[in-house]
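Visitor: A single structure is presented below for examination.
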Amino acid sequence: MIPGNAPDDLKSRIVPEPGGRLIYRCLGCNLEAGIEELLYTCPKCGGVLLIYDDDFAKLRQTPGETWHRIFDYRKMLTIPALKGIYRYHEFIGPVIPLDAVVYLGEGHTPVVEANATLQEKAGIRFYYKNDGQNPSASFKDRGMASALSYINFLIQKGLASDVLAICASTGDTSAAAALYASYLTPHIKSVVLLPHKKVTPQQLSQPLGSGASVFEIPGVFDDCMKVVEHLSETYNVALLNSKNAWRILGQESYSFEIAQEFEYELGDKVVVVPIGNAGNITAIMSGFIKFLDAGIIESLPKIIGVQSAHANPVYNYYLEPDRKKRKFVPMAAKPSVAQAAMIGNPVSMPRVIHLVEMYNRLAGQQRVFFIEVKEQEIMDWALTANRNGHIACTHGGECLAGLASAVKAQILESTETAIIDSTAHALKFSGFQDMYFAGNLPPEYGILPNPELINRPTMIQPEGVTRFPSHQNPLVGEELDLFVRKTAQDIAGRVGIAKRSQ
Ligand SMILES: *Cc1c(COP(=O)(O)O)cnc(C)c1O
Ligand SMILES: [Zn+2]
């Protein structure tokens with residue numbers, strides 16, 4: 001649809017103009033700072049920042065109903081900058097002109113209802129939202145589209161040049177950062193730091209393929225993060241971890257999409273997400289709060305944050321029911337198949353504490369919950385999901401395990417519908433499936449393969465066949481006929497199929 005074909009009352013709104021007055025605000029000391037300079041932490045107290053729109057009140061002047069129509073009509077436009085997360089421009093990054101938007105196909109990921117078998121197993125109606133169908137195959141692309149669009153805007157204005165973008169990663173941040181930075185070649189070069197052997201081969205190949213400088217560091221993600229923090233405080237680099245508040249803005253699109261997908265009816269919805277560095281749950285809470293504030297939704301969905309027992313500092317924090325007695329204790333993360341969430345000291349913890357309180361206050365009741373699951377459950381649920389038509393990564397399995405636990409713990413009611421996040425594509429983490437099937441998952445994971453879920457290939461070399469085809473020696477004539485007949489017979493026998501009646 002061309003913008004001119006929008007209804008008359010929406011014509012001036014359908015293609016957004018730059019607006020808003022974005023500022024950084026420190027969650028520690030409330031310091032406010034302009035966005036002209038890229039800030040990652042508060043210059044005064046070192047606290048984490050979030051970005052706020054000082055002009056947000058203007059957005060409230062548009063009735064919720066009108067916003068629904070704006071977003072719905074925008075969905076039909078063919079303008080690339082509005083095809084991704086900037087469909088919600090006014091709420092994602094209103095200062096960014098559309099010609100600075102970097103769009104690589106992120107966002108608007110499929111929402112797929114689980115089949116009856118899987119819903120029955122989980123004990124509740126639910127959908128997967130497949131964030132693994134983003135361009136670098138994880139939800140991190142949402143945040144990178146935002147961060148890199150902003151950097152691109154600074155470059156276009158002449159406020160930045162020859163940017164060196166840097167991040168630490170459990171694998172997916174670096175894949176996304178390297179991809180988006182490579183699109184802005186030659187203005188941006190990217191550098192990624194990975195914990196040696198703690199990312200999957202697929203994840204390692206991604207930034208290499210995008211041309212980033214890749215450094216492997218001994219230790220775990222938390223160690224890489226310390227090095228990157230030091231680099232960003234000491235050298236002139238652009239930090240692309242979720243400490244960068246622009247990342248959070250972009251990831252809020254996940255909530256906006258759920259709102260639009262479910263016709264803005266969220267009172268009976270439950271959004272389930274895995275927690276690692278806690279950037280994603282931060283963005284999801286913040287996104288729903290914004291839409292509530294602007295009157296676009298009328299109630300906040302429940303949110304369930306899931307952690308593996310091997311990396312559960314956020315869960316542990318909220319175990320203490322008395323708010324005043326809670327104390328955050330970073331931990332040493334143990335090996336987890338939900339490897340991208342294997343983080344013991346989440347950078348966004350202060351954001352989580354701030355937003356959980358606000359979220360529950362606005363809802364007038366507890367709406368954010370935290371669940372812990374076992375490694376065994378993560379793996380078994382991931383495999384079970386995928387045997388029922390999904391493409392869930394291990395973190396998607398973690399969400400489903402968390403959902404099933406929440407149903408058992410009666411945190412959820414049978415009238416509710418869950419939307420659970422498969423944060424990456426199954427293929428990125430298929431090595432864990434391979435080890436599960438082969439029975440060689442290292443014991444530290446504490447996972448015993450369930451024989452019913454194991455699946456392995458069978459090599460077929462039927463008896464009575466003397467020659468088998470090969471690349472150098474293809475079979476012909478009778479030899480080929482014999483090979484085909486015997487091989488087919490062997491397969492038919494193994495899977496128990498009856499012959500056609502002639
Ligand atoms: C980064 C990541 C997570 C954890 O998200 P946080 O924002 O760090 O909490 C979960 N799953 C996947 C696949 C990820 O890449
Ligand atoms: Zn501060």
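Ligands are numbered from 1 in the order shown, chains are lettered A, B, ... in the order of the structure tokens, and residues start at 1 in each chain.
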Could you produce a table of the residues of chain A lying within 7 Å of ligand 2, with the nearest pair of atoms per residue and their separation in Å rounded to one decimal, using only C-alpha atoms and all ligand atoms, ordered by chain and increasing residue number, as a Markdown table?
Guide:
| residue | atom | partner | partner_atom_place_in_ligand_line | distance |
| --- | --- | --- | --- | --- |
| A:Cys26 | CA | ligand 2 | 1 (Zn) | 4.6 |
| A:Leu27 | CA | ligand 2 | 1 (Zn) | 6.5 |
| A:Gly28 | CA | ligand 2 | 1 (Zn) | 4.7 |
| A:Cys29 | CA | ligand 2 | 1 (Zn) | 4.0 |
| A:Asn30 | CA | ligand 2 | 1 (Zn) | 5.9 |
| A:Leu31 | CA | ligand 2 | 1 (Zn) | 5.3 |
| A:Cys42 | CA | ligand 2 | 1 (Zn) | 4.5 |
| A:Pro43 | CA | ligand 2 | 1 (Zn) | 6.7 |
| A:Lys44 | CA | ligand 2 | 1 (Zn) | 5.1 |
| A:Cys45 | CA | ligand 2 | 1 (Zn) | 4.0 |
| A:Gly46 | CA | ligand 2 | 1 (Zn) | 5.7 |
| A:Gly47 | CA | ligand 2 | 1 (Zn) | 4.9 |
Visitor: DSSP on the backbone: which residues in stretch 262-296 of chain A end up as strand (DSSP E or B)? Give the answer as a list in words.
Guide: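 Of stretch 262-296 of chain A, the ones in strand (DSSP E or B) are Lys269, Val270, Val271, Val272, Val273 and Pro274 of chain A.
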Visitor: Could you pull the residues within 7 Å of A:Ala333, counting only C-alpha atoms, minus those fewer than 2 positions along the same chain, as a PDB file with N, CA, C and O atoms, in the first residue's frame?
Guide:
ATOM      1  N   HIS A 310      21.326 -23.922  36.803  1.00  0.00           N
ATOM      2  CA  HIS A 310      22.777 -23.751  36.670  1.00  0.00           C
ATOM      3  C   HIS A 310      23.194 -22.288  36.483  1.00  0.00           C
ATOM      4  O   HIS A 310      24.384 -21.989  36.425  1.00  0.00           O
ATOM      5  N   ALA A 311      22.250 -21.407  36.334  1.00  0.00           N
ATOM      6  CA  ALA A 311      22.561 -19.969  36.182  1.00  0.00           C
ATOM      7  C   ALA A 311      21.325 -19.190  36.612  1.00  0.00           C
ATOM      8  O   ALA A 311      20.580 -18.688  35.788  1.00  0.00           O
ATOM      9  N   MET A 331      26.604 -15.148  40.904  1.00  0.00           N
ATOM     10  CA  MET A 331      27.066 -16.521  41.098  1.00  0.00           C
ATOM     11  C   MET A 331      28.001 -16.916  39.963  1.00  0.00           C
ATOM     12  O   MET A 331      28.088 -16.230  38.948  1.00  0.00           O
ATOM     13  N   PRO A 335      27.742 -25.120  33.634  1.00  0.00           N
ATOM     14  CA  PRO A 335      27.409 -25.421  32.236  1.00  0.00           C
ATOM     15  C   PRO A 335      25.912 -25.609  32.028  1.00  0.00           C
ATOM     16  O   PRO A 335      25.252 -26.289  32.811  1.00  0.00           O
ATOM     17  N   MET A 342      23.719 -18.438  30.022  1.00  0.00           N
ATOM     18  CA  MET A 342      24.592 -18.958  31.087  1.00  0.00           C
ATOM     19  C   MET A 342      25.383 -17.805  31.705  1.00  0.00           C
ATOM     20  O   MET A 342      26.569 -17.649  31.462  1.00  0.00           O
ATOM     21  N   ILE A 343      24.699 -16.997  32.479  1.00  0.00           N
ATOM     22  CA  ILE A 343      25.288 -15.762  32.986  1.00  0.00           C
ATOM     23  C   ILE A 343      25.018 -15.663  34.487  1.00  0.00           C
ATOM     24  O   ILE A 343      23.876 -15.807  34.934  1.00  0.00           O
ATOM     25  N   GLY A 344      26.067 -15.429  35.245  1.00  0.00           N
ATOM     26  CA  GLY A 344      25.936 -15.417  36.703  1.00  0.00           C
ATOM     27  C   GLY A 344      25.786 -14.034  37.301  1.00  0.00           C
ATOM     28  O   GLY A 344      25.415 -13.886  38.472  1.00  0.00           O
TER      29      GLY A 344
END
Visitor: Excluding stretch 90-97 of chain A and its own-chain neighbours fewer than 2 positions away, which residues fall within 9 Å of it when counting only C-alpha atoms? Please give them as a PyMOL selection string.
Guide: chain A and resi 16-22+53+56+59+85-88+99-101+146+149-150+153+246+249-253+287+290-291
Visitor: With N, CA and C atoms retained, could you export that selection as a PDB file, in the first residue's frame?
Guide:
ATOM      1  N   PRO A  16       5.971   8.124   9.903  1.00  0.00           N
ATOM      2  CA  PRO A  16       6.351   8.976  11.030  1.00  0.00           C
ATOM      3  C   PRO A  16       7.482   9.950  10.692  1.00  0.00           C
ATOM      4  N   GLU A  17       7.385  11.133  11.266  1.00  0.00           N
ATOM      5  CA  GLU A  17       8.457  12.135  11.175  1.00  0.00           C
ATOM      6  C   GLU A  17       9.308  11.989  12.431  1.00  0.00           C
ATOM      7  N   PRO A  18      10.602  12.378  12.349  1.00  0.00           N
ATOM      8  CA  PRO A  18      11.397  12.348  13.575  1.00  0.00           C
ATOM      9  C   PRO A  18      10.765  13.233  14.643  1.00  0.00           C
ATOM     10  N   GLY A  19      10.790  12.793  15.865  1.00  0.00           N
ATOM     11  CA  GLY A  19      10.197  13.556  16.962  1.00  0.00           C
ATOM     12  C   GLY A  19      10.723  13.034  18.288  1.00  0.00           C
ATOM     13  N   GLY A  20      10.037  13.389  19.337  1.00  0.00           N
ATOM     14  CA  GLY A  20      10.442  12.920  20.662  1.00  0.00           C
ATOM     15  C   GLY A  20      11.665  13.652  21.182  1.00  0.00           C
ATOM     16  N   ARG A  21      11.866  13.564  22.481  1.00  0.00           N
ATOM     17  CA  ARG A  21      13.083  14.134  23.094  1.00  0.00           C
ATOM     18  C   ARG A  21      13.671  13.062  23.989  1.00  0.00           C
ATOM     19  N   LEU A  22      14.534  12.250  23.402  1.00  0.00           N
ATOM     20  CA  LEU A  22      15.068  11.120  24.160  1.00  0.00           C
ATOM     21  C   LEU A  22      16.206  11.566  25.075  1.00  0.00           C
ATOM     22  N   ASP A  53      11.560   9.101  26.836  1.00  0.00           N
ATOM     23  CA  ASP A  53      11.139  10.176  25.939  1.00  0.00           C
ATOM     24  C   ASP A  53      10.493  11.276  26.777  1.00  0.00           C
ATOM     25  N   PHE A  56       6.876  12.062  25.990  1.00  0.00           N
ATOM     26  CA  PHE A  56       5.956  10.914  25.938  1.00  0.00           C
ATOM     27  C   PHE A  56       4.498  11.355  26.080  1.00  0.00           C
ATOM     28  N   LEU A  59       2.387  11.437  23.090  1.00  0.00           N
ATOM     29  CA  LEU A  59       1.888  10.175  22.532  1.00  0.00           C
ATOM     30  C   LEU A  59       0.562   9.791  23.172  1.00  0.00           C
ATOM     31  N   ILE A  85      11.219  -3.283  13.208  1.00  0.00           N
ATOM     32  CA  ILE A  85      10.835  -2.817  14.547  1.00  0.00           C
ATOM     33  C   ILE A  85      10.338  -1.372  14.527  1.00  0.00           C
ATOM     34  N   TYR A  86      10.696  -0.615  13.490  1.00  0.00           N
ATOM     35  CA  TYR A  86      10.276   0.797  13.451  1.00  0.00           C
ATOM     36  C   TYR A  86       8.835   0.972  12.960  1.00  0.00           C
ATOM     37  N   ARG A  87       8.105  -0.117  12.824  1.00  0.00           N
ATOM     38  CA  ARG A  87       6.651   0.039  12.659  1.00  0.00           C
ATOM     39  C   ARG A  87       6.129   0.821  13.880  1.00  0.00           C
ATOM     40  N   TYR A  88       6.830   0.642  14.997  1.00  0.00           N
ATOM     41  CA  TYR A  88       6.444   1.325  16.246  1.00  0.00           C
ATOM     42  C   TYR A  88       7.388   2.497  16.515  1.00  0.00           C
ATOM     43  N   ASP A  99      15.430   7.493   7.009  1.00  0.00           N
ATOM     44  CA  ASP A  99      16.544   7.160   6.110  1.00  0.00           C
ATOM     45  C   ASP A  99      17.803   6.735   6.860  1.00  0.00           C
ATOM     46  N   ALA A 100      17.770   6.783   8.176  1.00  0.00           N
ATOM     47  CA  ALA A 100      18.906   6.263   8.947  1.00  0.00           C
ATOM     48  C   ALA A 100      18.635   4.857   9.473  1.00  0.00           C
ATOM     49  N   VAL A 101      17.398   4.393   9.301  1.00  0.00           N
ATOM     50  CA  VAL A 101      17.030   3.069   9.840  1.00  0.00           C
ATOM     51  C   VAL A 101      17.748   1.958   9.075  1.00  0.00           C
ATOM     52  N   SER A 146      18.166  -1.393  16.398  1.00  0.00           N
ATOM     53  CA  SER A 146      17.992  -0.110  17.075  1.00  0.00           C
ATOM     54  C   SER A 146      19.341   0.575  17.315  1.00  0.00           C
ATOM     55  N   SER A 149      20.977   1.559  13.991  1.00  0.00           N
ATOM     56  CA  SER A 149      20.262   2.660  13.324  1.00  0.00           C
ATOM     57  C   SER A 149      20.660   3.974  13.980  1.00  0.00           C
ATOM     58  N   TYR A 150      20.781   3.954  15.300  1.00  0.00           N
ATOM     59  CA  TYR A 150      21.171   5.186  15.986  1.00  0.00           C
ATOM     60  C   TYR A 150      22.601   5.588  15.624  1.00  0.00           C
ATOM     61  N   PHE A 153      22.631   7.021  12.259  1.00  0.00           N
ATOM     62  CA  PHE A 153      22.115   8.393  12.331  1.00  0.00           C
ATOM     63  C   PHE A 153      23.237   9.360  12.746  1.00  0.00           C
ATOM     64  N   TRP A 246      20.169   1.572  23.975  1.00  0.00           N
ATOM     65  CA  TRP A 246      19.530   1.515  22.650  1.00  0.00           C
ATOM     66  C   TRP A 246      19.112   0.099  22.302  1.00  0.00           C
ATOM     67  N   LEU A 249      15.715  -0.507  23.863  1.00  0.00           N
ATOM     68  CA  LEU A 249      14.635   0.121  23.077  1.00  0.00           C
ATOM     69  C   LEU A 249      14.190  -0.788  21.927  1.00  0.00           C
ATOM     70  N   GLY A 250      15.151  -1.289  21.186  1.00  0.00           N
ATOM     71  CA  GLY A 250      14.820  -2.122  20.018  1.00  0.00           C
ATOM     72  C   GLY A 250      14.114  -3.408  20.426  1.00  0.00           C
ATOM     73  N   GLN A 251      14.537  -3.972  21.537  1.00  0.00           N
ATOM     74  CA  GLN A 251      13.965  -5.253  21.963  1.00  0.00           C
ATOM     75  C   GLN A 251      12.558  -5.089  22.533  1.00  0.00           C
ATOM     76  N   GLU A 252      12.170  -3.858  22.817  1.00  0.00           N
ATOM     77  CA  GLU A 252      10.783  -3.617  23.249  1.00  0.00           C
ATOM     78  C   GLU A 252       9.793  -3.990  22.139  1.00  0.00           C
ATOM     79  N   SER A 253      10.281  -4.015  20.901  1.00  0.00           N
ATOM     80  CA  SER A 253       9.409  -4.367  19.775  1.00  0.00           C
ATOM     81  C   SER A 253       8.753  -5.728  19.979  1.00  0.00           C
ATOM     82  N   GLY A 287       8.450  -2.402  27.424  1.00  0.00           N
ATOM     83  CA  GLY A 287       7.579  -2.257  26.259  1.00  0.00           C
ATOM     84  C   GLY A 287       6.104  -2.288  26.644  1.00  0.00           C
ATOM     85  N   LYS A 290       5.077   0.875  28.459  1.00  0.00           N
ATOM     86  CA  LYS A 290       4.892   2.018  27.545  1.00  0.00           C
ATOM     87  C   LYS A 290       3.533   1.972  26.858  1.00  0.00           C
ATOM     88  N   PHE A 291       3.177   0.785  26.361  1.00  0.00           N
ATOM     89  CA  PHE A 291       1.899   0.657  25.658  1.00  0.00           C
ATOM     90  C   PHE A 291       0.727   0.890  26.609  1.00  0.00           C
TER      91      PHE A 291
END
Visitor: Go through chain A and flag each residue having an atom no more than 9 Å from ligand 1; for those, report the closest pair of atoms plus their distance in Å to one decimal, using only C-alpha atoms and all ligand atoms, ordered by chain and rising number, as JSON lines.
Guide:
{"residue": "A:Asp131", "atom": "CA", "partner": "ligand 1", "partner_atom_place_in_ligand_line": "13 (C)", "distance": 8.6}
{"residue": "A:Gly132", "atom": "CA", "partner": "ligand 1", "partner_atom_place_in_ligand_line": "13 (C)", "distance": 7.7}
{"residue": "A:Ala137", "atom": "CA", "partner": "ligand 1", "partner_atom_place_in_ligand_line": "13 (C)", "distance": 8.5}
{"residue": "A:Ser138", "atom": "CA", "partner": "ligand 1", "partner_atom_place_in_ligand_line": "13 (C)", "distance": 5.8}
{"residue": "A:Phe139", "atom": "CA", "partner": "ligand 1", "partner_atom_place_in_ligand_line": "15 (O)", "distance": 6.7}
{"residue": "A:Lys140", "atom": "CA", "partner": "ligand 1", "partner_atom_place_in_ligand_line": "15 (O)", "distance": 6.3}
{"residue": "A:Ser169", "atom": "CA", "partner": "ligand 1", "partner_atom_place_in_ligand_line": "1 (C)", "distance": 8.0}
{"residue": "A:Thr170", "atom": "CA", "partner": "ligand 1", "partner_atom_place_in_ligand_line": "1 (C)", "distance": 6.9}
{"residue": "A:Gly171", "atom": "CA", "partner": "ligand 1", "partner_atom_place_in_ligand_line": "15 (O)", "distance": 6.7}
{"residue": "A:Asp172", "atom": "CA", "partner": "ligand 1", "partner_atom_place_in_ligand_line": "15 (O)", "distance": 4.5}
{"residue": "A:Thr173", "atom": "CA", "partner": "ligand 1", "partner_atom_place_in_ligand_line": "15 (O)", "distance": 6.4}
{"residue": "A:Ser242", "atom": "CA", "partner": "ligand 1", "partner_atom_place_in_ligand_line": "7 (O)", "distance": 7.2}
{"residue": "A:Ile248", "atom": "CA", "partner": "ligand 1", "partner_atom_place_in_ligand_line": "7 (O)", "distance": 8.8}
{"residue": "A:Gln251", "atom": "CA", "partner": "ligand 1", "partner_atom_place_in_ligand_line": "7 (O)", "distance": 8.9}
{"residue": "A:Val273", "atom": "CA", "partner": "ligand 1", "partner_atom_place_in_ligand_line": "10 (C)", "distance": 7.8}
{"residue": "A:Pro274", "atom": "CA", "partner": "ligand 1", "partner_atom_place_in_ligand_line": "10 (C)", "distance": 5.5}
{"residue": "A:Ile275", "atom": "CA", "partner": "ligand 1", "partner_atom_place_in_ligand_line": "9 (O)", "distance": 3.8}
{"residue": "A:Gly276", "atom": "CA", "partner": "ligand 1", "partner_atom_place_in_ligand_line": "9 (O)", "distance": 3.5}
{"residue": "A:Asn277", "atom": "CA", "partner": "ligand 1", "partner_atom_place_in_ligand_line": "8 (O)", "distance": 3.4}
{"residue": "A:Ala278", "atom": "CA", "partner": "ligand 1", "partner_atom_place_in_ligand_line": "9 (O)", "distance": 3.3}
{"residue": "A:Gly279", "atom": "CA", "partner": "ligand 1", "partner_atom_place_in_ligand_line": "7 (O)", "distance": 3.6}
{"residue": "A:Asn280", "atom": "CA", "partner": "ligand 1", "partner_atom_place_in_ligand_line": "7 (O)", "distance": 3.6}
{"residue": "A:Ile281", "atom": "CA", "partner": "ligand 1", "partner_atom_place_in_ligand_line": "9 (O)", "distance": 6.2}
{"residue": "A:Thr282", "atom": "CA", "partner": "ligand 1", "partner_atom_place_in_ligand_line": "7 (O)", "distance": 7.7}
{"residue": "A:Ala283", "atom": "CA", "partner": "ligand 1", "partner_atom_place_in_ligand_line": "7 (O)", "distance": 8.3}
{"residue": "A:Ala338", "atom": "CA", "partner": "ligand 1", "partner_atom_place_in_ligand_line": "11 (N)", "distance": 7.0}
{"residue": "A:Gln339", "atom": "CA", "partner": "ligand 1", "partner_atom_place_in_ligand_line": "11 (N)", "distance": 7.8}
{"residue": "A:Ala340", "atom": "CA", "partner": "ligand 1", "partner_atom_place_in_ligand_line": "14 (C)", "distance": 4.6}
{"residue": "A:Ala341", "atom": "CA", "partner": "ligand 1", "partner_atom_place_in_ligand_line": "4 (C)", "distance": 4.5}
{"residue": "A:Met342", "atom": "CA", "partner": "ligand 1", "partner_atom_place_in_ligand_line": "4 (C)", "distance": 8.1}
{"residue": "A:Ile343", "atom": "CA", "partner": "ligand 1", "partner_atom_place_in_ligand_line": "8 (O)", "distance": 7.8}
{"residue": "A:Pro346", "atom": "CA", "partner": "ligand 1", "partner_atom_place_in_ligand_line": "8 (O)", "distance": 7.5}
{"residue": "A:Val347", "atom": "CA", "partner": "ligand 1", "partner_atom_place_in_ligand_line": "8 (O)", "distance": 8.5}
{"residue": "A:Ser348", "atom": "CA", "partner": "ligand 1", "partner_atom_place_in_ligand_line": "9 (O)", "distance": 8.2}
{"residue": "A:Cys393", "atom": "CA", "partner": "ligand 1", "partner_atom_place_in_ligand_line": "13 (C)", "distance": 7.1}
{"residue": "A:Thr394", "atom": "CA", "partner": "ligand 1", "partner_atom_place_in_ligand_line": "13 (C)", "distance": 7.8}
{"residue": "A:His395", "atom": "CA", "partner": "ligand 1", "partner_atom_place_in_ligand_line": "11 (N)", "distance": 5.2}
{"residue": "A:Gly396", "atom": "CA", "partner": "ligand 1", "partner_atom_place_in_ligand_line": "11 (N)", "distance": 7.7}
{"residue": "A:Asp421", "atom": "CA", "partner": "ligand 1", "partner_atom_place_in_ligand_line": "11 (N)", "distance": 8.6}
{"residue": "A:Ser422", "atom": "CA", "partner": "ligand 1", "partner_atom_place_in_ligand_line": "13 (C)", "distance": 7.3}
{"residue": "A:Thr423", "atom": "CA", "partner": "ligand 1", "partner_atom_place_in_ligand_line": "13 (C)", "distance": 4.4}
{"residue": "A:Ala424", "atom": "CA", "partner": "ligand 1", "partner_atom_place_in_ligand_line": "13 (C)", "distance": 4.2}
{"residue": "A:His425", "atom": "CA", "partner": "ligand 1", "partner_atom_place_in_ligand_line": "13 (C)", "distance": 7.6}
{"residue": "A:Lys428", "atom": "CA", "partner": "ligand 1", "partner_atom_place_in_ligand_line": "13 (C)", "distance": 8.6}
{"residue": "A:Phe429", "atom": "CA", "partner": "ligand 1", "partner_atom_place_in_ligand_line": "13 (C)", "distance": 8.8}
Visitor: I'd like the neighbourhood of stretch 207-212 of chain A as a ChimeraX atom specification, where a residue qualifies if any of its atoms comes within 6 Å (using only C-alpha atoms), though same-chain residues fewer than 2 positions away should be ignored.
Guide: /A:175,178-179,190-191,205,214
Visitor: Save out the residues we just selected, N, CA and C atoms, as a short mmCIF file (atom, residue, chain, number, x, y, z; two decimals), in the first residue's frame.
Guide:
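Ended up saving to part_6.cif:
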data_model
loop_
_atom_site.label_atom_id
_atom_site.label_comp_id
_atom_site.auth_asym_id
_atom_site.auth_seq_id
_atom_site.Cartn_x
_atom_site.Cartn_y
_atom_site.Cartn_z
N ALA A 175 26.87 -12.46 16.89
CA ALA A 175 26.37 -12.77 15.54
C ALA A 175 25.56 -11.59 15.01
N ALA A 178 27.86 -8.31 14.55
CA ALA A 178 28.74 -8.41 13.38
C ALA A 178 27.94 -8.27 12.09
N LEU A 179 26.74 -8.85 12.08
CA LEU A 179 25.90 -8.76 10.89
C LEU A 179 25.49 -7.31 10.60
N SER A 190 33.65 -4.16 13.41
CA SER A 190 33.20 -4.75 14.66
C SER A 190 34.20 -5.74 15.24
N VAL A 191 34.23 -5.73 16.55
CA VAL A 191 35.13 -6.57 17.32
C VAL A 191 34.27 -7.34 18.31
N SER A 205 30.83 -19.27 13.80
CA SER A 205 30.99 -19.04 12.36
C SER A 205 30.30 -17.74 11.92
N VAL A 214 37.36 -11.44 15.67
CA VAL A 214 36.82 -12.30 16.73
C VAL A 214 37.94 -12.71 17.68
#
Visitor: Kindly indicate which residue among A:Glu37, A:Glu257, A:Asp222, A:Glu265 lies nearest to A:Ala160, using only C-alpha atoms for the distances.
Guide: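 For A:Ala160, the nearest of the given residues is A:Glu37.
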Visitor: As an exercise, work out the distance from atom CA of A:Asp223 to atom CA of A:Leu193 in Å and give it to one decimal place.
Guide: 9.9 Å
Visitor: I need the residue nearest A:Gln433 from this list: A:Ile420, A:Pro449, A:Gly267, A:Glu478. Use only C-alpha atoms for the distance.
Guide: A:Pro449
Visitor: Rounded to one decimal place, report the atom CA of A:Pro218-atom CA of A:Pro195 distance in Å.
Guide: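 That distance, rounded to one decimal, is 5.8 Å.
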Visitor: Per DSSP on the backbone, what are the helix (DSSP H, G or I) residues of stretch 108-221 of chain A, as a PyMOL selection string?
Guide: chain A and resi 116-122+131-133+140-156+172-183+201-209+221
Visitor: Which of these, A:Ser174, A:Gln376, A:Ser430, A:Asn5, has the shortest distance to A:Gly446 once you count only C-alpha atoms?
Guide: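 When distances to A:Gly446 are compared using only C-alpha atoms, the smallest one comes from A:Gln376.
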Visitor: Excluding same-chain residues fewer than 3 positions from stretch 492-502 of chain A, what lies within 12 Å of it counting only C-alpha atoms, as a list in words?
Guide: Thr458, Met459, Ile460, Pro462, Arg485, Lys486, Thr487, Ala488 and Gln489 of chain A
Visitor: Using N, CA and C atoms, can you export the residues from the last selection as a CSV table (one decimal), in the first residue's frame?
Guide:
chain,number,residue,atom,x,y,z
A,458,THR,N,20.1,-44.4,10.8
A,458,THR,CA,20.5,-45.8,10.6
A,458,THR,C,21.2,-45.9,9.2
A,459,MET,N,22.3,-46.5,9.2
A,459,MET,CA,23.0,-46.7,7.9
A,459,MET,C,22.5,-48.0,7.3
A,460,ILE,N,22.1,-47.9,6.0
A,460,ILE,CA,21.5,-49.0,5.4
A,460,ILE,C,22.5,-49.6,4.3
A,462,PRO,N,22.1,-53.2,2.8
A,462,PRO,CA,21.4,-54.5,2.8
A,462,PRO,C,22.3,-55.7,2.4
A,485,ARG,N,16.2,-52.2,-5.1
A,485,ARG,CA,15.2,-53.2,-4.6
A,485,ARG,C,15.5,-53.6,-3.2
A,486,LYS,N,16.8,-54.0,-3.0
A,486,LYS,CA,17.2,-54.5,-1.7
A,486,LYS,C,17.2,-53.4,-0.6
A,487,THR,N,17.6,-52.2,-1.0
A,487,THR,CA,17.6,-51.1,-0.1
A,487,THR,C,16.2,-50.7,0.3
A,488,ALA,N,15.3,-50.7,-0.6
A,488,ALA,CA,13.9,-50.4,-0.3
A,488,ALA,C,13.3,-51.4,0.6
A,489,GLN,N,13.6,-52.7,0.3
A,489,GLN,CA,13.1,-53.8,1.1
A,489,GLN,C,13.5,-53.7,2.5
Visitor: For A:Thr384, which residue out of A:Phe288, A:Gly439, A:Ile51, A:Asn450 is the nearest one, using only C-alpha atoms?
Guide: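 The closest residue to A:Thr384 is A:Asn450.
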Visitor: Might you pull out every residue within 12 Å of A:Gly364, with only C-alpha atoms counted and same-chain residues fewer than 5 positions away left off, and present them as a list in words?
Guide: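 With the cut-off at 12 Å, the set is Ser299, Leu300, Glu357, Met358 and Tyr359 of chain A.
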Visitor: Work out how far atom CA of A:Ile217 is from atom CA of A:Tyr445, in Å to one decimal.
Guide: 21.8 Å
